[in-house]
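Undergrad: Below is entry.pdb; it holds PDB, C-alpha atoms.
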ATOM      1  CA  MET A   1       5.968   0.939  47.006
ATOM      2  CA  SER A   2       5.419  -2.608  48.183
ATOM      3  CA  LEU A   3       3.433  -4.931  45.959
ATOM      4  CA  PRO A   4       0.180  -6.550  47.165
ATOM      5  CA  THR A   5       0.388 -10.166  48.302
ATOM      6  CA  THR A   6      -3.378 -10.823  48.478
ATOM      7  CA  THR A   7      -6.396  -9.920  46.381
ATOM      8  CA  LYS A   8     -10.119  -9.745  47.065
ATOM      9  CA  GLU A   9     -12.043 -11.513  44.338
ATOM     10  CA  TYR A  10     -15.517 -12.797  43.590
ATOM     11  CA  TYR A  11     -16.117 -16.442  42.775
ATOM     12  CA  PHE A  12     -18.844 -19.021  42.335
ATOM     13  CA  PRO A  13     -18.472 -21.760  44.974
ATOM     14  CA  GLU A  14     -20.996 -23.893  43.077
ATOM     15  CA  ARG A  15     -23.034 -24.018  39.888
ATOM     16  CA  GLY A  16     -26.491 -22.505  39.719
ATOM     17  CA  SER A  17     -27.602 -18.892  39.875
ATOM     18  CA  PHE A  18     -25.507 -15.721  39.789
ATOM     19  CA  THR A  19     -26.865 -15.143  43.311
ATOM     20  CA  ASN A  20     -24.287 -17.722  44.480
ATOM     21  CA  LEU A  21     -21.542 -15.137  43.888
ATOM     22  CA  ARG A  22     -19.279 -14.784  46.930
ATOM     23  CA  LEU A  23     -16.291 -12.636  47.921
ATOM     24  CA  LYS A  24     -13.036 -14.108  49.204
ATOM     25  CA  GLU A  25      -9.399 -13.143  49.752
ATOM     26  CA  SER A  26      -6.715 -15.105  47.910
ATOM     27  CA  SER A  27      -2.939 -15.067  47.786
ATOM     28  CA  ILE A  28      -1.272 -13.623  44.687
ATOM     29  CA  PRO A  29       1.168 -16.175  43.199
ATOM     30  CA  PRO A  30       4.787 -15.109  42.566
ATOM     31  CA  LEU A  31       5.132 -13.224  39.281
ATOM     32  CA  LYS A  32       6.594 -15.278  36.415
ATOM     33  CA  ALA A  33       9.340 -13.864  34.221
ATOM     34  CA  ASN A  34       7.002 -13.313  31.233
ATOM     35  CA  GLU A  35       4.079 -11.881  33.233
ATOM     36  CA  VAL A  36       2.908  -8.487  34.432
ATOM     37  CA  LEU A  37       0.904  -7.789  37.588
ATOM     38  CA  VAL A  38      -2.132  -5.617  36.918
ATOM     39  CA  LYS A  39      -4.315  -3.674  39.324
ATOM     40  CA  THR A  40      -7.881  -4.019  38.065
ATOM     41  CA  HIS A  41      -9.724  -0.714  37.771
ATOM     42  CA  ALA A  42     -12.892  -1.835  35.973
ATOM     43  CA  VAL A  43     -14.628  -4.988  34.740
ATOM     44  CA  SER A  44     -17.536  -5.243  32.321
ATOM     45  CA  LEU A  45     -20.090  -8.048  32.323
ATOM     46  CA  GLN A  46     -21.344 -10.280  29.561
ATOM     47  CA  VAL A  47     -23.613 -13.326  29.436
ATOM     48  CA  PHE A  48     -21.979 -15.298  32.188
ATOM     49  CA  ARG A  49     -20.727 -18.806  32.845
ATOM     50  CA  ILE A  50     -21.174 -20.276  36.317
ATOM     51  CA  LEU A  51     -18.651 -23.012  37.113
ATOM     52  CA  ASP A  52     -17.463 -24.446  40.411
ATOM     53  CA  ASP A  53     -14.753 -22.340  42.113
ATOM     54  CA  LEU A  54     -14.618 -19.964  39.148
ATOM     55  CA  VAL A  55     -13.602 -16.313  39.369
ATOM     56  CA  PRO A  56     -15.943 -14.915  36.693
ATOM     57  CA  CYS A  57     -15.667 -12.229  34.005
ATOM     58  CA  SER A  58     -13.358 -11.869  31.059
ATOM     59  CA  ASP A  59     -13.283  -8.138  30.294
ATOM     60  CA  MET A  60     -11.066  -5.806  32.301
ATOM     61  CA  ALA A  61      -8.999  -2.652  32.244
ATOM     62  CA  GLY A  62      -6.241  -1.882  34.677
ATOM     63  CA  GLU A  63      -2.830  -0.484  35.547
ATOM     64  CA  ILE A  64       0.479  -2.348  35.548
ATOM     65  CA  LEU A  65       2.067  -2.570  39.009
ATOM     66  CA  ALA A  66       5.039  -4.825  38.211
ATOM     67  CA  VAL A  67       6.693  -6.562  35.253
ATOM     68  CA  GLY A  68       8.511  -9.898  35.045
ATOM     69  CA  ASP A  69      12.245 -10.212  34.486
ATOM     70  CA  VAL A  70      12.063 -10.757  30.696
ATOM     71  CA  VAL A  71       9.236  -8.302  29.945
ATOM     72  CA  THR A  72      10.425  -5.340  27.853
ATOM     73  CA  LYS A  73       7.260  -4.091  26.145
ATOM     74  CA  TRP A  74       5.477  -2.856  29.276
ATOM     75  CA  LYS A  75       6.374  -0.653  32.225
ATOM     76  CA  VAL A  76       4.839   0.159  35.605
ATOM     77  CA  GLY A  77       1.931   2.581  35.224
ATOM     78  CA  ASP A  78       0.882   1.494  31.727
ATOM     79  CA  ARG A  79      -2.908   1.236  31.225
ATOM     80  CA  VAL A  80      -3.882  -2.082  29.658
ATOM     81  CA  CYS A  81      -6.640  -4.542  28.756
ATOM     82  CA  ALA A  82      -6.148  -8.302  28.510
ATOM     83  CA  ASN A  83      -7.336 -10.196  25.452
ATOM     84  CA  PHE A  84     -10.324 -12.326  26.426
ATOM     85  CA  PHE A  85     -10.297 -15.364  24.132
ATOM     86  CA  GLY A  86      -7.747 -16.182  24.755
ATOM     87  CA  LEU A  87      -4.636 -14.944  26.464
ATOM     88  CA  ASP A  88      -2.502 -16.831  23.930
ATOM     89  CA  HIS A  89      -4.485 -15.774  20.830
ATOM     90  CA  VAL A  90      -1.910 -13.283  19.588
ATOM     91  CA  HIS A  91      -2.665 -13.518  15.855
ATOM     92  CA  GLY A  92      -4.018 -15.869  13.202
ATOM     93  CA  ASN A  93      -6.682 -18.523  13.619
ATOM     94  CA  MET A  94      -8.086 -20.061  16.768
ATOM     95  CA  ALA A  95      -6.516 -23.345  17.909
ATOM     96  CA  VAL A  96      -7.369 -26.001  20.477
ATOM     97  CA  GLU A  97      -4.517 -24.862  22.709
ATOM     98  CA  ILE A  98      -5.754 -21.264  22.667
ATOM     99  CA  LEU A  99      -9.176 -22.398  23.886
ATOM    100  CA  GLN A 100      -7.528 -23.352  27.165
ATOM    101  CA  THR A 101      -6.489 -19.736  27.815
ATOM    102  CA  GLY A 102      -9.919 -18.083  27.757
ATOM    103  CA  LEU A 103     -10.621 -15.877  30.762
ATOM    104  CA  GLY A 104     -13.562 -16.616  33.045
ATOM    105  CA  GLY A 105     -13.968 -20.185  31.772
ATOM    106  CA  ALA A 106     -10.918 -22.298  30.997
ATOM    107  CA  THR A 107      -8.889 -20.036  33.306
ATOM    108  CA  GLN A 108      -9.846 -17.884  36.267
ATOM    109  CA  GLY A 109     -11.513 -14.601  35.369
ATOM    110  CA  VAL A 110     -10.892 -10.966  36.186
ATOM    111  CA  LEU A 111     -13.429  -9.958  38.850
ATOM    112  CA  THR A 112     -10.517  -9.482  41.239
ATOM    113  CA  GLN A 113      -8.446  -6.588  42.544
ATOM    114  CA  TYR A 114      -5.130  -7.860  41.173
ATOM    115  CA  ARG A 115      -4.195 -10.433  38.548
ATOM    116  CA  ALA A 116      -1.108 -11.501  36.613
ATOM    117  CA  PHE A 117      -1.256 -11.818  32.811
ATOM    118  CA  PRO A 118       1.204 -12.991  30.166
ATOM    119  CA  ALA A 119       2.789  -9.875  28.673
ATOM    120  CA  HIS A 120       1.828 -10.951  25.138
ATOM    121  CA  SER A 121      -1.890 -10.972  26.025
ATOM    122  CA  LEU A 122      -2.160  -7.242  26.725
ATOM    123  CA  VAL A 123      -3.043  -4.179  24.633
ATOM    124  CA  ALA A 124      -2.521  -0.521  25.535
ATOM    125  CA  ILE A 125      -5.629   1.541  26.339
ATOM    126  CA  PRO A 126      -5.995   4.648  24.140
ATOM    127  CA  GLU A 127      -5.623   7.913  26.028
ATOM    128  CA  HIS A 128      -9.162   9.083  25.258
ATOM    129  CA  LEU A 129     -10.821   6.140  27.036
ATOM    130  CA  SER A 130     -11.461   5.802  30.756
ATOM    131  CA  TYR A 131     -10.843   2.524  32.555
ATOM    132  CA  GLU A 132     -14.599   1.931  32.650
ATOM    133  CA  GLU A 133     -14.919   2.478  28.898
ATOM    134  CA  ALA A 134     -11.880   0.339  28.096
ATOM    135  CA  SER A 135     -13.203  -2.552  30.194
ATOM    136  CA  THR A 136     -16.080  -2.977  27.727
ATOM    137  CA  LEU A 137     -13.793  -3.816  24.792
ATOM    138  CA  PRO A 138     -12.205  -7.309  25.095
ATOM    139  CA  CYS A 139     -15.294  -9.387  24.264
ATOM    140  CA  ALA A 140     -18.106  -7.349  22.724
ATOM    141  CA  ALA A 141     -16.024  -4.824  20.775
ATOM    142  CA  VAL A 142     -13.424  -7.286  19.473
ATOM    143  CA  THR A 143     -16.207  -9.683  18.452
ATOM    144  CA  ALA A 144     -18.021  -6.967  16.495
ATOM    145  CA  TYR A 145     -14.784  -5.826  14.866
ATOM    146  CA  ASN A 146     -13.839  -9.374  13.878
ATOM    147  CA  ALA A 147     -17.294  -9.866  12.343
ATOM    148  CA  LEU A 148     -17.214  -6.701  10.237
ATOM    149  CA  MET A 149     -13.505  -6.672   9.364
ATOM    150  CA  GLY A 150     -13.059 -10.375   8.623
ATOM    151  CA  PRO A 151     -12.319 -12.101   5.282
ATOM    152  CA  VAL A 152     -14.338  -9.495   3.348
ATOM    153  CA  GLN A 153     -14.045  -6.209   5.182
ATOM    154  CA  LEU A 154     -16.887  -3.777   5.627
ATOM    155  CA  LYS A 155     -16.633  -0.742   3.346
ATOM    156  CA  ALA A 156     -18.318   2.607   2.973
ATOM    157  CA  GLY A 157     -21.755   2.298   1.402
ATOM    158  CA  ASP A 158     -22.420  -1.220   2.697
ATOM    159  CA  ASN A 159     -25.621  -2.044   4.553
ATOM    160  CA  VAL A 160     -25.209  -3.536   8.030
ATOM    161  CA  LEU A 161     -28.042  -5.183   9.966
ATOM    162  CA  ILE A 162     -27.697  -5.381  13.739
ATOM    163  CA  LEU A 163     -30.064  -7.399  15.902
ATOM    164  CA  GLY A 164     -30.850  -5.887  19.284
ATOM    165  CA  THR A 165     -28.940  -3.339  21.350
ATOM    166  CA  GLY A 166     -26.609  -5.468  23.451
ATOM    167  CA  GLY A 167     -22.863  -4.932  23.674
ATOM    168  CA  VAL A 168     -21.819  -6.611  20.410
ATOM    169  CA  SER A 169     -24.659  -5.033  18.444
ATOM    170  CA  ILE A 170     -23.949  -1.512  19.696
ATOM    171  CA  PHE A 171     -20.230  -1.785  18.940
ATOM    172  CA  GLY A 172     -21.099  -3.181  15.514
ATOM    173  CA  LEU A 173     -23.347  -0.183  14.914
ATOM    174  CA  GLN A 174     -20.593   2.239  15.922
ATOM    175  CA  PHE A 175     -17.856   0.557  13.855
ATOM    176  CA  ALA A 176     -20.157   0.425  10.814
ATOM    177  CA  VAL A 177     -21.016   4.130  11.117
ATOM    178  CA  ALA A 178     -17.335   5.011  11.553
ATOM    179  CA  SER A 179     -16.602   3.060   8.353
ATOM    180  CA  GLY A 180     -19.244   4.893   6.329
ATOM    181  CA  ALA A 181     -21.796   2.080   6.198
ATOM    182  CA  THR A 182     -25.579   2.356   6.512
ATOM    183  CA  VAL A 183     -26.919   0.683   9.662
ATOM    184  CA  ILE A 184     -30.314  -0.937  10.090
ATOM    185  CA  ALA A 185     -31.054  -1.521  13.779
ATOM    186  CA  THR A 186     -33.709  -3.804  15.252
ATOM    187  CA  SER A 187     -35.192  -4.000  18.738
ATOM    188  CA  SER A 188     -38.497  -4.650  20.458
ATOM    189  CA  SER A 189     -38.150  -1.320  22.310
ATOM    190  CA  ASP A 190     -38.744   2.058  20.675
ATOM    191  CA  ALA A 191     -36.722   3.686  23.458
ATOM    192  CA  LYS A 192     -33.712   1.498  22.667
ATOM    193  CA  LEU A 193     -34.129   2.213  18.956
ATOM    194  CA  GLU A 194     -33.959   5.927  19.696
ATOM    195  CA  ILE A 195     -30.573   5.339  21.340
ATOM    196  CA  ALA A 196     -29.464   3.428  18.238
ATOM    197  CA  LYS A 197     -30.590   6.377  16.119
ATOM    198  CA  LYS A 198     -28.522   8.796  18.206
ATOM    199  CA  LEU A 199     -25.512   6.520  17.673
ATOM    200  CA  GLY A 200     -25.932   6.770  13.908
ATOM    201  CA  ALA A 201     -28.367   4.067  12.794
ATOM    202  CA  THR A 202     -30.152   5.161   9.608
ATOM    203  CA  HIS A 203     -33.101   2.760   9.720
ATOM    204  CA  LEU A 204     -34.974   1.473  12.774
ATOM    205  CA  ILE A 205     -37.193  -1.623  12.944
ATOM    206  CA  ASN A 206     -39.281  -2.596  15.968
ATOM    207  CA  TYR A 207     -39.610  -6.328  15.405
ATOM    208  CA  SER A 208     -42.544  -6.558  17.824
ATOM    209  CA  LYS A 209     -44.503  -4.224  15.567
ATOM    210  CA  THR A 210     -42.948  -5.559  12.351
ATOM    211  CA  PRO A 211     -42.591  -9.344  12.755
ATOM    212  CA  ALA A 212     -41.533  -9.691   9.101
ATOM    213  CA  TRP A 213     -38.442  -7.573   9.756
ATOM    214  CA  ASP A 214     -36.474  -9.389   7.088
ATOM    215  CA  GLU A 215     -38.903  -8.150   4.437
ATOM    216  CA  GLU A 216     -38.559  -4.631   5.838
ATOM    217  CA  VAL A 217     -34.774  -4.854   5.509
ATOM    218  CA  LEU A 218     -35.171  -5.816   1.860
ATOM    219  CA  ARG A 219     -37.584  -2.930   1.295
ATOM    220  CA  LEU A 220     -35.242  -0.429   2.930
ATOM    221  CA  THR A 221     -32.321  -1.584   0.786
ATOM    222  CA  GLY A 222     -34.196  -1.602  -2.497
ATOM    223  CA  GLY A 223     -34.383  -5.381  -2.541
ATOM    224  CA  ARG A 224     -30.635  -5.862  -2.155
ATOM    225  CA  GLY A 225     -30.412  -6.819   1.526
ATOM    226  CA  ALA A 226     -27.634  -6.332   4.076
ATOM    227  CA  ASN A 227     -23.975  -6.933   3.261
ATOM    228  CA  HIS A 228     -23.290  -7.908   6.860
ATOM    229  CA  VAL A 229     -25.648  -9.237   9.537
ATOM    230  CA  LEU A 230     -24.588  -9.394  13.189
ATOM    231  CA  GLU A 231     -26.589 -12.488  14.098
ATOM    232  CA  VAL A 232     -26.838 -12.607  17.895
ATOM    233  CA  GLY A 233     -30.227 -14.298  18.086
ATOM    234  CA  GLY A 234     -29.375 -17.809  16.967
ATOM    235  CA  PRO A 235     -31.870 -20.435  15.776
ATOM    236  CA  GLY A 236     -34.875 -18.188  16.364
ATOM    237  CA  THR A 237     -33.649 -15.409  14.052
ATOM    238  CA  LEU A 238     -31.242 -17.137  11.648
ATOM    239  CA  GLU A 239     -33.817 -17.911   8.968
ATOM    240  CA  LYS A 240     -34.863 -14.257   8.725
ATOM    241  CA  SER A 241     -31.260 -13.091   8.804
ATOM    242  CA  LEU A 242     -30.582 -15.284   5.777
ATOM    243  CA  SER A 243     -33.612 -13.777   4.101
ATOM    244  CA  ALA A 244     -32.371 -10.249   4.862
ATOM    245  CA  VAL A 245     -28.761 -10.705   3.721
ATOM    246  CA  THR A 246     -27.682  -9.732   0.214
ATOM    247  CA  PHE A 247     -26.359 -12.189  -2.377
ATOM    248  CA  ASN A 248     -22.838 -13.270  -1.356
ATOM    249  CA  GLY A 249     -23.333 -11.388   1.917
ATOM    250  CA  TRP A 250     -22.103 -12.366   5.370
ATOM    251  CA  VAL A 251     -24.191 -13.614   8.282
ATOM    252  CA  ASN A 252     -21.881 -13.468  11.280
ATOM    253  CA  LEU A 253     -22.989 -16.016  13.880
ATOM    254  CA  ILE A 254     -22.288 -14.590  17.327
ATOM    255  CA  GLY A 255     -24.964 -15.387  19.903
ATOM    256  CA  VAL A 256     -27.880 -17.629  20.800
ATOM    257  CA  LEU A 257     -30.222 -15.245  22.596
ATOM    258  CA  ASP A 258     -33.329 -16.619  20.845
ATOM    259  CA  LYS A 259     -33.444 -20.379  21.344
ATOM    260  CA  SER A 260     -36.524 -21.008  19.187
ATOM    261  CA  ASP A 261     -36.266 -23.817  16.666
ATOM    262  CA  THR A 262     -35.750 -23.180  12.983
ATOM    263  CA  ALA A 263     -35.959 -25.568  10.070
ATOM    264  CA  LEU A 264     -32.535 -26.779   8.910
ATOM    265  CA  ALA A 265     -33.851 -27.338   5.398
ATOM    266  CA  SER A 266     -34.899 -23.689   5.183
ATOM    267  CA  VAL A 267     -31.494 -22.488   6.389
ATOM    268  CA  PHE A 268     -29.743 -24.740   3.892
ATOM    269  CA  GLY A 269     -31.944 -23.597   1.038
ATOM    270  CA  ARG A 270     -31.599 -19.877   1.756
ATOM    271  CA  THR A 271     -27.824 -20.156   2.181
ATOM    272  CA  VAL A 272     -27.366 -21.935  -1.126
ATOM    273  CA  PHE A 273     -29.826 -19.734  -3.039
ATOM    274  CA  LYS A 274     -28.102 -16.508  -1.990
ATOM    275  CA  SER A 275     -24.539 -17.890  -1.937
ATOM    276  CA  SER A 276     -24.481 -16.562   1.619
ATOM    277  CA  ASN A 277     -21.501 -16.879   3.912
ATOM    278  CA  LEU A 278     -22.188 -18.166   7.420
ATOM    279  CA  ARG A 279     -19.214 -17.335   9.645
ATOM    280  CA  GLY A 280     -18.899 -18.241  13.300
ATOM    281  CA  ILE A 281     -17.227 -15.530  15.384
ATOM    282  CA  LEU A 282     -15.250 -16.506  18.486
ATOM    283  CA  VAL A 283     -14.093 -13.081  19.692
ATOM    284  CA  GLY A 284     -10.643 -12.325  18.178
ATOM    285  CA  SER A 285      -6.880 -12.034  18.570
ATOM    286  CA  VAL A 286      -4.556  -9.507  20.204
ATOM    287  CA  MET A 287      -3.667  -8.230  16.727
ATOM    288  CA  GLN A 288      -7.350  -7.669  15.874
ATOM    289  CA  PHE A 289      -7.775  -5.935  19.245
ATOM    290  CA  GLN A 290      -4.902  -3.579  18.362
ATOM    291  CA  ASP A 291      -6.312  -2.897  14.878
ATOM    292  CA  MET A 292      -9.706  -2.152  16.399
ATOM    293  CA  LEU A 293      -8.151   0.380  18.777
ATOM    294  CA  LYS A 294      -6.658   2.205  15.766
ATOM    295  CA  LEU A 295     -10.162   2.563  14.311
ATOM    296  CA  MET A 296     -11.475   3.800  17.648
ATOM    297  CA  SER A 297      -8.649   6.310  18.095
ATOM    298  CA  ALA A 298      -9.300   7.684  14.594
ATOM    299  CA  ASN A 299     -13.034   8.026  15.406
ATOM    300  CA  PRO A 300     -13.054   8.699  19.157
ATOM    301  CA  GLU A 301     -16.575  10.049  19.565
ATOM    302  CA  THR A 302     -18.361   7.859  17.018
ATOM    303  CA  THR A 303     -16.917   4.722  18.628
ATOM    304  CA  ARG A 304     -16.963   5.757  22.298
ATOM    305  CA  PRO A 305     -18.242   2.754  24.303
ATOM    306  CA  VAL A 306     -21.850   2.929  25.467
ATOM    307  CA  ILE A 307     -22.089   2.168  29.182
ATOM    308  CA  ASP A 308     -25.560   1.578  30.569
ATOM    309  CA  LYS A 309     -24.639   1.652  34.267
ATOM    310  CA  VAL A 310     -21.585   1.489  36.534
ATOM    311  CA  PHE A 311     -21.677  -0.420  39.840
ATOM    312  CA  SER A 312     -19.155  -0.420  42.679
ATOM    313  CA  PHE A 313     -17.132  -3.531  43.563
ATOM    314  CA  ASP A 314     -19.375  -4.315  46.531
ATOM    315  CA  GLN A 315     -22.441  -4.053  44.256
ATOM    316  CA  ALA A 316     -21.372  -6.949  42.025
ATOM    317  CA  LEU A 317     -24.579  -8.903  42.667
ATOM    318  CA  ASP A 318     -26.655  -5.874  41.714
ATOM    319  CA  ALA A 319     -24.661  -5.575  38.493
ATOM    320  CA  TYR A 320     -25.390  -9.190  37.584
ATOM    321  CA  ALA A 321     -29.091  -8.698  38.348
ATOM    322  CA  HIS A 322     -29.166  -5.645  36.081
ATOM    323  CA  LEU A 323     -27.510  -7.622  33.287
ATOM    324  CA  GLU A 324     -29.992 -10.480  33.644
ATOM    325  CA  SER A 325     -32.937  -8.055  33.453
ATOM    326  CA  GLN A 326     -31.931  -7.274  29.831
ATOM    327  CA  SER A 327     -33.074  -3.695  30.349
ATOM    328  CA  HIS A 328     -29.644  -2.319  29.476
ATOM    329  CA  VAL A 329     -28.348  -0.759  26.265
ATOM    330  CA  GLY A 330     -24.623  -1.238  25.818
ATOM    331  CA  LYS A 331     -22.476  -2.529  28.669
ATOM    332  CA  VAL A 332     -22.788  -3.024  32.425
ATOM    333  CA  VAL A 333     -19.582  -2.181  34.307
ATOM    334  CA  ILE A 334     -18.209  -2.832  37.788
ATOM    335  CA  LYS A 335     -15.733  -0.248  39.083
ATOM    336  CA  VAL A 336     -13.233  -2.336  41.053
ATOM    337  CA  THR A 337     -10.902   0.462  42.179
ATOM    338  CA  GLU A 338     -12.311   3.707  43.509
ATOM    339  CA  ASN A 339      -9.134   5.792  43.196
TER     340      ASN A 339
END
Rewrite the structure from the file as structure tokens, please.
TA:
Amino acid sequence: MSLPTTTKEYYFPERGSFTNLRLKESSIPPLKANEVLVKTHAVSLQVFRILDDLVPCSDMAGEILAVGDVVTKWKVGDRVCANFFGLDHVHGNMAVEILQTGLGGATQGVLTQYRAFPAHSLVAIPEHLSYEEASTLPCAAVTAYNALMGPVQLKAGDNVLILGTGGVSIFGLQFAVASGATVIATSSSDAKLEIAKKLGATHLINYSKTPAWDEEVLRLTGGRGANHVLEVGGPGTLEKSLSAVTFNGWVNLIGVLDKSDTALASVFGRTVFKSSNLRGILVGSVMQFQDMLKLMSANPETTRPVIDKVFSFDQALDAYAHLESQSHVGKVVIKVTEN
């Protein structure tokens, strides 16, 4: 079988709206000795960056078509995902150099039919997951796992507070349930909360109907608060997250979906008073990705990725529009290969 020499890929010719997305055909560079060539089967979307001449997206799942001369770990036909942030973050802490290997930002992304990756950046897809399901893992799932299994790991009996029902929050819910924790889920939609309940959330809070949701968290936990908070809101929710966390608990800073202002003095005071731990989460390493897959393989149904909708490769613009509508629960996926 001859290898492809060109690939069709989406890119942003200029900054601005996602509606600028265009399709082009590009040459595939010669494979380096330490690389593998992967045929992309599926890509999942996240909050996107639009940069000049950028191939977007960071989360993919695919099939190895060829391996470089010094690659021994992988073989043709293996099903793999690439680590998102970044390709060179194999283990340990983030470093400046690793920042330059992030997909869909510092380097070209994965919304393409074929792409080469360093062999050390890949993880094997568990047998029980489809390509579409596996494509949801590199950013949202690894981020949630890193948050809950960081310096002080989540344990059975802990209380976990998740904000919203986006990708990171849903994976956090699933990992917490699989670990024996009690999950408190928040959303402004009762319909989305019902989905969270089906996934194992014990307590549901509609923050539109209960604006003082932090007080409700304290009530539900007998005044103790949450051991872990997946804080995806940012400045607009941080103060209440600090109110809802337990003493010596962890507020994992992940997103900035709510850009409302909050008083720094209040944040400082609540953090000190509760001896809280504020920890920024920047996705995770290949090793954390592998550890996460062990948890998922041991709990295949509890942790099965939640996919809101799958679009075809030629429907990429529709997929981005669906993501921007924020009507989804879980992940939005583009199926790149039809067979």
Undergrad: Could you list the residues chosen by the PyMOL selection byres ((chain A and resi 46) around 8) in this structure as a PyMOL selection string?
TA: chain A and resi 44-45+47-48+57+323+331-332
Undergrad: Can you spit out the residues from that selection as a PDB file, in the coordinates of the input, using C-alpha atoms?
TA:
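As written to disk, out-v6.pdb reads:
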ATOM      1  CA  SER A  44     -17.536  -5.243  32.321  1.00  0.00           C
ATOM      2  CA  LEU A  45     -20.090  -8.048  32.323  1.00  0.00           C
ATOM      3  CA  VAL A  47     -23.613 -13.326  29.436  1.00  0.00           C
ATOM      4  CA  PHE A  48     -21.979 -15.298  32.188  1.00  0.00           C
ATOM      5  CA  CYS A  57     -15.667 -12.229  34.005  1.00  0.00           C
ATOM      6  CA  LEU A 323     -27.510  -7.622  33.287  1.00  0.00           C
ATOM      7  CA  LYS A 331     -22.476  -2.529  28.669  1.00  0.00           C
ATOM      8  CA  VAL A 332     -22.788  -3.024  32.425  1.00  0.00           C
TER       9      VAL A 332
END
Undergrad: Have a look at A:His328, A:Glu127, A:Asn227, A:His89 and name the one nearest to A:Gln153; count only C-alpha atoms.
TA: A:Asn227
Undergrad: At a cut-off of 12 Å around the point (-12.2, -15.4, 6.3) (file coordinates), what residues fall inside when counting all atoms listed in the file? I'd like the answer as a tab-separated table (two decimals) with C-alpha atoms, keeping the file's coordinate frame.
TA:
chain	number	residue	atom	x	y	z
A	92	GLY	CA	-4.02	-15.87	13.20
A	93	ASN	CA	-6.68	-18.52	13.62
A	146	ASN	CA	-13.84	-9.37	13.88
A	147	ALA	CA	-17.29	-9.87	12.34
A	148	LEU	CA	-17.21	-6.70	10.24
A	149	MET	CA	-13.50	-6.67	9.36
A	150	GLY	CA	-13.06	-10.38	8.62
A	151	PRO	CA	-12.32	-12.10	5.28
A	152	VAL	CA	-14.34	-9.49	3.35
A	153	GLN	CA	-14.04	-6.21	5.18
A	250	TRP	CA	-22.10	-12.37	5.37
A	252	ASN	CA	-21.88	-13.47	11.28
A	277	ASN	CA	-21.50	-16.88	3.91
A	278	LEU	CA	-22.19	-18.17	7.42
A	279	ARG	CA	-19.21	-17.34	9.64
A	280	GLY	CA	-18.90	-18.24	13.30
A	281	ILE	CA	-17.23	-15.53	15.38
Undergrad: Please provide the set of residues having any atom within 10 Å of A:Thr303, restricted to only C-alpha atoms, with same-chain residues fewer than 4 positions apart removed, written as a ChimeraX atom specification.
TA: /A:141,170-178,199,293,295-299
Undergrad: Report as a count of residues only all protein, DNA and RNA residues lying within 12 Å of A:Ser266, evaluated on all atoms listed in the file, omitting residues in the same chain fewer than 4 positions from it.
TA: 13
Undergrad: Check the smallest atom-to-atom distance from each of A:Val168, A:Val71, A:Val329, A:Val90 to A:Val142 using all atoms listed in the file, then report the winner.
TA: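 Looking at the shortest contact to A:Val142, the residue is A:Val168.
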Undergrad: So that all listed atoms of stretch 286-299 of chain A fit with 8 Å spare on each side, what axis-aligned box centre and edge lengths in Å, to one decimal, would you give as JSON?
TA:
{"center_x": -8.4, "center_y": -0.7, "center_z": 17.3, "size_x": 25.4, "size_y": 33.5, "size_z": 21.9}
